[in-house]
Structure formats: structure tokens, C-alpha cells
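So this one's entry_15.tsv, TSV, C-alpha atoms:
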chain	number	residue	atom	x	y	z
D	1	MET	CA	-46.96	-162.13	133.09
D	2	THR	CA	-47.33	-158.53	134.10
D	3	SER	CA	-47.81	-155.79	131.54
D	4	TYR	CA	-44.53	-154.18	132.62
D	5	LEU	CA	-42.59	-157.40	132.09
D	6	LYS	CA	-44.17	-157.94	128.66
D	7	THR	CA	-43.29	-154.40	127.66
D	8	SER	CA	-39.71	-154.83	128.92
D	9	ILE	CA	-39.25	-158.07	126.98
D	10	ALA	CA	-40.70	-156.51	123.81
D	11	GLY	CA	-38.42	-153.49	124.23
D	12	ALA	CA	-35.37	-155.68	124.74
D	13	ALA	CA	-36.25	-157.73	121.65
D	14	MET	CA	-36.60	-154.56	119.57
D	15	LEU	CA	-33.27	-153.26	120.88
D	16	MET	CA	-31.57	-156.55	119.99
D	17	ALA	CA	-33.06	-156.41	116.50
D	18	ILE	CA	-31.53	-152.98	116.02
D	19	VAL	CA	-28.19	-153.37	117.83
D	20	VAL	CA	-27.17	-156.92	116.88
D	21	PRO	CA	-27.22	-156.46	113.07
D	22	ALA	CA	-25.33	-153.16	113.40
D	23	ALA	CA	-22.67	-154.80	115.56
D	24	ALA	CA	-22.50	-157.86	113.35
D	25	SER	CA	-21.94	-155.70	110.28
D	26	ASP	CA	-18.82	-154.20	111.88
D	27	GLY	CA	-19.33	-150.93	110.06
D	28	VAL	CA	-20.19	-152.39	106.66
D	29	VAL	CA	-23.31	-151.26	104.82
D	30	THR	CA	-24.54	-153.65	102.13
D	31	VAL	CA	-26.99	-152.77	99.36
D	32	LYS	CA	-28.48	-155.41	97.08
D	33	SER	CA	-28.16	-154.47	93.41
D	34	ASP	CA	-30.81	-155.16	90.82
D	35	TYR	CA	-28.15	-155.36	88.11
D	36	SER	CA	-25.13	-157.38	87.00
D	37	ILE	CA	-21.65	-156.61	88.32
D	38	ALA	CA	-20.74	-154.66	85.16
D	39	GLU	CA	-23.98	-152.66	85.16
D	40	THR	CA	-23.73	-151.97	88.90
D	41	VAL	CA	-20.19	-150.62	88.49
D	42	ALA	CA	-21.24	-148.59	85.44
D	43	ARG	CA	-24.19	-147.06	87.32
D	44	ILE	CA	-22.03	-146.12	90.30
D	45	LYS	CA	-19.37	-144.58	88.04
D	46	LYS	CA	-21.96	-142.65	86.01
D	47	ASP	CA	-23.58	-141.19	89.14
D	48	VAL	CA	-20.23	-140.31	90.72
D	49	LEU	CA	-19.13	-138.44	87.59
D	50	LYS	CA	-22.54	-136.76	87.25
D	51	LYS	CA	-22.14	-135.43	90.80
D	52	GLY	CA	-18.69	-134.03	89.94
D	53	ILE	CA	-16.93	-136.43	92.29
D	54	LYS	CA	-13.41	-137.58	91.41
D	55	PHE	CA	-13.42	-141.13	90.05
D	56	PHE	CA	-10.18	-142.94	90.89
D	57	GLY	CA	-10.85	-146.27	89.22
D	58	VAL	CA	-11.92	-149.88	89.51
D	59	ILE	CA	-9.89	-152.88	90.62
D	60	ASP	CA	-11.14	-156.19	89.23
D	61	GLN	CA	-10.36	-158.40	92.22
D	62	ALA	CA	-11.71	-161.55	90.57
D	63	SER	CA	-9.36	-161.10	87.62
D	64	LEU	CA	-6.40	-160.51	89.94
D	65	GLY	CA	-7.35	-163.61	91.90
D	66	GLN	CA	-7.74	-165.73	88.78
D	67	ASN	CA	-4.31	-164.60	87.58
D	68	ALA	CA	-2.87	-165.68	90.93
D	69	GLY	CA	-4.51	-169.10	90.69
D	70	ASN	CA	-7.41	-168.40	93.04
D	71	ASP	CA	-11.03	-169.01	92.13
D	72	VAL	CA	-12.61	-165.68	93.06
D	73	ARG	CA	-16.25	-164.88	92.37
D	74	PRO	CA	-16.88	-161.63	90.47
D	75	SER	CA	-15.70	-158.75	92.64
D	76	ARG	CA	-14.74	-155.17	91.78
D	77	LEU	CA	-13.53	-152.42	94.06
D	78	VAL	CA	-14.76	-148.99	92.94
D	79	MET	CA	-12.88	-145.96	94.30
D	80	PHE	CA	-13.98	-142.33	94.27
D	81	GLY	CA	-14.12	-139.27	96.46
D	82	ASN	CA	-14.44	-135.54	96.83
D	83	PRO	CA	-11.01	-134.27	97.97
D	84	ALA	CA	-12.54	-131.16	99.55
D	85	LEU	CA	-14.75	-133.36	101.73
D	86	GLY	CA	-12.66	-136.49	102.20
D	87	THR	CA	-9.47	-134.75	103.20
D	88	THR	CA	-11.28	-132.91	106.03
D	89	PHE	CA	-11.38	-136.29	107.80
D	90	ILE	CA	-7.62	-136.61	107.33
D	91	THR	CA	-7.05	-133.12	108.77
D	92	SER	CA	-8.83	-134.30	111.91
D	93	ASN	CA	-6.93	-137.60	112.11
D	94	PRO	CA	-4.30	-138.61	109.53
D	95	GLU	CA	-5.21	-142.29	109.98
D	96	ALA	CA	-8.59	-141.53	108.39
D	97	GLY	CA	-6.64	-141.74	105.14
D	98	LEU	CA	-7.06	-145.50	105.50
D	99	ASP	CA	-10.73	-144.96	104.68
D	100	TRP	CA	-10.41	-142.36	101.95
D	101	PRO	CA	-11.00	-142.35	99.05
D	102	VAL	CA	-14.39	-143.99	99.35
D	103	ARG	CA	-14.40	-147.62	98.28
D	104	VAL	CA	-17.45	-149.58	97.23
D	105	LEU	CA	-17.03	-153.32	96.83
D	106	VAL	CA	-19.33	-154.74	94.17
D	107	TYR	CA	-19.48	-158.52	94.41
D	108	GLN	CA	-21.53	-161.52	93.35
D	109	THR	CA	-22.56	-164.29	95.72
D	110	ALA	CA	-22.45	-168.00	94.89
D	111	GLU	CA	-26.21	-167.78	94.26
D	112	GLY	CA	-25.68	-165.02	91.68
D	113	SER	CA	-26.96	-162.04	93.68
D	114	VAL	CA	-24.99	-158.81	93.32
D	115	TYR	CA	-24.27	-156.49	96.24
D	116	ALA	CA	-22.46	-153.22	96.86
D	117	ALA	CA	-20.77	-152.85	100.24
D	118	TYR	CA	-19.09	-149.82	101.78
D	119	SER	CA	-17.85	-148.59	105.16
D	120	ASP	CA	-20.43	-146.76	107.24
D	121	PHE	CA	-19.28	-143.18	107.81
D	122	ASP	CA	-20.44	-143.12	111.44
D	123	TRP	CA	-18.30	-146.21	111.98
D	124	ILE	CA	-15.35	-144.51	110.26
D	125	ALA	CA	-15.74	-141.48	112.56
D	126	LYS	CA	-15.75	-143.74	115.63
D	127	ARG	CA	-12.88	-145.86	114.31
D	128	HIS	CA	-10.65	-142.80	114.04
D	129	GLY	CA	-12.06	-140.91	117.05
D	130	ILE	CA	-13.18	-138.01	114.87
D	131	THR	CA	-15.76	-135.93	116.73
D	132	ASP	CA	-15.26	-132.55	115.06
D	133	ARG	CA	-16.54	-133.35	111.55
D	134	ALA	CA	-20.16	-134.41	112.10
D	135	PRO	CA	-21.61	-132.26	109.25
D	136	GLN	CA	-18.99	-133.62	106.82
D	137	PHE	CA	-19.68	-137.22	107.83
D	138	ARG	CA	-23.43	-136.60	107.40
D	139	MET	CA	-22.80	-135.22	103.92
D	140	ALA	CA	-20.60	-138.19	102.99
D	141	THR	CA	-23.33	-140.56	104.20
D	142	GLU	CA	-25.94	-138.76	102.08
D	143	VAL	CA	-23.68	-138.94	99.02
D	144	ILE	CA	-22.90	-142.66	99.33
D	145	GLN	CA	-26.59	-143.42	99.91
D	146	SER	CA	-27.47	-141.43	96.80
D	147	VAL	CA	-24.78	-143.14	94.73
D	148	THR	CA	-25.85	-146.62	95.80
D	149	SER	CA	-29.52	-145.82	95.24
D	150	THR	CA	-28.75	-145.94	91.50
D	151	ILE	CA	-28.28	-149.72	91.67
D	152	ARG	CA	-31.88	-150.28	92.73
D	153	LYS	CA	-34.81	-150.23	90.31
D	154	ASN	CA	-37.44	-147.78	91.44
Could you write out this structure as C-alpha cells?
Amino acid sequence: MTSYLKTSIAGAAMLMAIVVPAAASDGVVTVKSDYSIAETVARIKKDVLKKGIKFFGVIDQASLGQNAGNDVRPSRLVMFGNPALGTTFITSNPEAGLDWPVRVLVYQTAEGSVYAAYSDFDWIAKRHGITDRAPQFRMATEVIQSVTSTIRKN
């Protein structure tokens, strides 16, 4: 096999390793937590409030499911946002309101692992065709990464 062909195959494999997981995630970023559901939610809430971000609340999806007769593993939807930042997306495209406030889904797998999942802000920008708010989307990405970093032991 020629050196060029080997390099091309290696490059294609690397590209697939990068592109396929991003496409498969469909805009969802997942972070493994080192804590229980309750502690993960508490850590996210504490960091959000410490940053001065508006905390909207938590929906206990598992409890709602149980009350409706469905066996739902532990799952809580945490909602928060900075109106000054988040509403700039809505001023660009009103449908961006579907993705604001920020929502982080904290859930437990059948094996007992806990994860926090949220919508990728680059994906949100593409979803709504927003091209005039790049600095705001970058800031939102930095904030959500910072908030979710609190659920990992250093």
C-alpha cells in the first residue's frame, strides 16, 4: 500500500471518529457525574446561583412517571438561564425560545451511573439558523461547561 493511501485511510478514520459521534449525539452533550442524582442536581444549582444565574427549578421526571404508572429511572430536569444572554437568541429567532431557558437532564442509567445531558449551543444556533450571535453562543457554551464541571471530582 502506498504511503499516500495509508495516510488517506488514516485521515478518513480520524474524521469518522470525530464526525460520527457528533452526528450520533444529535446536538446532545453528555457529562458523566461522579455523584448521585440528588448531589449532582445540588451541585449544579449551587454553581448556577453562585454565578448569579436565574434558577427556574427542577422537575422530577421519575416521580411524575411513577405517579402516572410508569417505571421511570431517576431523572430530573434542571432549568436555569441568564435572561440578558438567553433572550438575545430569541431576538435573533423567536423559535430559539424552545431552547431557553437552559435545561440540563440529570439521569441514572440501569447500571447506576449518573449523567448530565444538555443541548449543544452550536447545535442550537444551527437548529434555529442563528448566525449573528456567535459571541453569545460561545459565552453560553463556556457557562454550561463550567456548571457541569462541578459534577466531576478533580
(message) Need the shell around Ala116 in chain D: protein/DNA/RNA residues with any atom at most 10 Å away, counting only C-alpha atoms. Skip same-chain ones fewer than 6 positions apart. Format as a PyMOL selection string?
(response) chain D and resi 29-33+37+40-41+44+75-78+103-108+148+151
(message) Under the rule that all atoms listed in the file are counted, which of D:Lys126, D:Lys46, D:Arg73, D:Arg133 is the nearest residue to Thr91 in chain D?
(response) D:Arg133
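Distance-wise, CA of Lys45 in chain D and CA of Gly86 in chain D end up 17.6 Å apart.
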(message) One decimal, in Å: what's the spacing between CA of Asp71 in chain D and CA of Thr150 in chain D?
(response)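 That distance, rounded to one decimal, is 29.1 Å.
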(message) One decimal, in Å: what's the spacing between CA of Phe55 in chain D and CA of Arg43 in chain D?
(response)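 Separation between CA of Phe55 in chain D and CA of Arg43 in chain D: 12.6 Å.
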(request) Find, counting only C-alpha atoms, the residue in D:Leu49, D:Ala134, D:Asn70, D:Asp99 that gets nearest to Ser119 in chain D. (result)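 Nearest to Ser119 in chain D: D:Asp99.
Comparing the minimum interatomic distances between Ile90 in chain D and each of D:Ile130, D:Ala62, D:Val102, D:Ala117, counting only C-alpha atoms, we find that D:Ile130 sits nearest.
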(message) I need the residue nearest Ala96 in chain D from this list: D:Ala125, D:Ala84, D:Met79, D:Ala110. Use all atoms listed in the file for the distance.
(response) D:Ala125
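Among the candidate residues D:Ile53, D:Ala68, D:Leu85, D:Ile124, the one lying nearest to Asp26 in chain D is D:Ile124, with distances computed using only C-alpha atoms.
Each of D:Val143, D:Val48, D:Ile59, D:Val28 was checked against Pro74 in chain D using only C-alpha atoms; the smallest atom-to-atom distance is that of D:Ile59.
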(message) Counting only C-alpha atoms, which residues have an atom no more than 8 Å from (-20.7, -142.7, 103.6) in the file's coordinates? Please list them as a list in words.
(response) Val102, Tyr118, Ser119, Asp120, Phe121, Asp122, Phe137, Arg138, Met139, Ala140, Thr141, Glu142, Val143, Ile144 and Gln145 of chain D
(request) Write out as an MDAnalysis selection string which residues come within 9 Å of Ser36 in chain D when counting all atoms listed in the file, dropping same-chain ones fewer than 6 positions away. (result) chainID D and resid 108 112:114
Rebuild range 121-133 of chain D to N, CA, C and O atoms - output it as a compact mmCIF listing (two decimals), keeping the file's coordinate frame, please.
# COMPACT_ATOMS: atom_id res chain seq x y z
N PHE D 121 -20.05 -144.36 107.42
CA PHE D 121 -19.28 -143.18 107.81
C PHE D 121 -19.33 -142.90 109.31
O PHE D 121 -18.37 -142.38 109.87
N ASP D 122 -20.41 -143.26 109.98
CA ASP D 122 -20.44 -143.12 111.44
C ASP D 122 -19.40 -144.05 112.07
O ASP D 122 -18.71 -143.68 113.02
N TRP D 123 -19.28 -145.25 111.51
CA TRP D 123 -18.30 -146.21 111.98
C TRP D 123 -16.88 -145.68 111.74
O TRP D 123 -16.01 -145.82 112.60
N ILE D 124 -16.67 -145.07 110.57
CA ILE D 124 -15.35 -144.51 110.26
C ILE D 124 -15.00 -143.41 111.27
O ILE D 124 -13.87 -143.36 111.78
N ALA D 125 -15.97 -142.55 111.58
CA ALA D 125 -15.74 -141.48 112.56
C ALA D 125 -15.35 -142.07 113.91
O ALA D 125 -14.38 -141.62 114.54
N LYS D 126 -16.07 -143.10 114.33
CA LYS D 126 -15.75 -143.74 115.63
C LYS D 126 -14.40 -144.43 115.56
O LYS D 126 -13.62 -144.36 116.51
N ARG D 127 -14.14 -145.12 114.47
CA ARG D 127 -12.88 -145.86 114.31
C ARG D 127 -11.68 -144.95 114.51
O ARG D 127 -10.70 -145.33 115.13
N HIS D 128 -11.78 -143.72 113.98
CA HIS D 128 -10.65 -142.80 114.04
C HIS D 128 -10.81 -141.74 115.14
O HIS D 128 -10.00 -140.81 115.22
N GLY D 129 -11.85 -141.86 115.95
CA GLY D 129 -12.06 -140.91 117.05
C GLY D 129 -12.29 -139.49 116.58
O GLY D 129 -11.90 -138.54 117.25
N ILE D 130 -12.94 -139.35 115.42
CA ILE D 130 -13.18 -138.01 114.87
C ILE D 130 -14.54 -137.52 115.36
O ILE D 130 -15.58 -138.07 115.02
N THR D 131 -14.51 -136.47 116.16
CA THR D 131 -15.76 -135.93 116.73
C THR D 131 -16.04 -134.51 116.23
O THR D 131 -17.08 -133.95 116.56
N ASP D 132 -15.11 -133.94 115.47
CA ASP D 132 -15.26 -132.55 115.06
C ASP D 132 -15.64 -132.39 113.58
O ASP D 132 -15.47 -131.31 113.02
N ARG D 133 -16.17 -133.43 112.97
CA ARG D 133 -16.54 -133.35 111.55
C ARG D 133 -17.94 -133.94 111.28
O ARG D 133 -18.19 -134.48 110.22
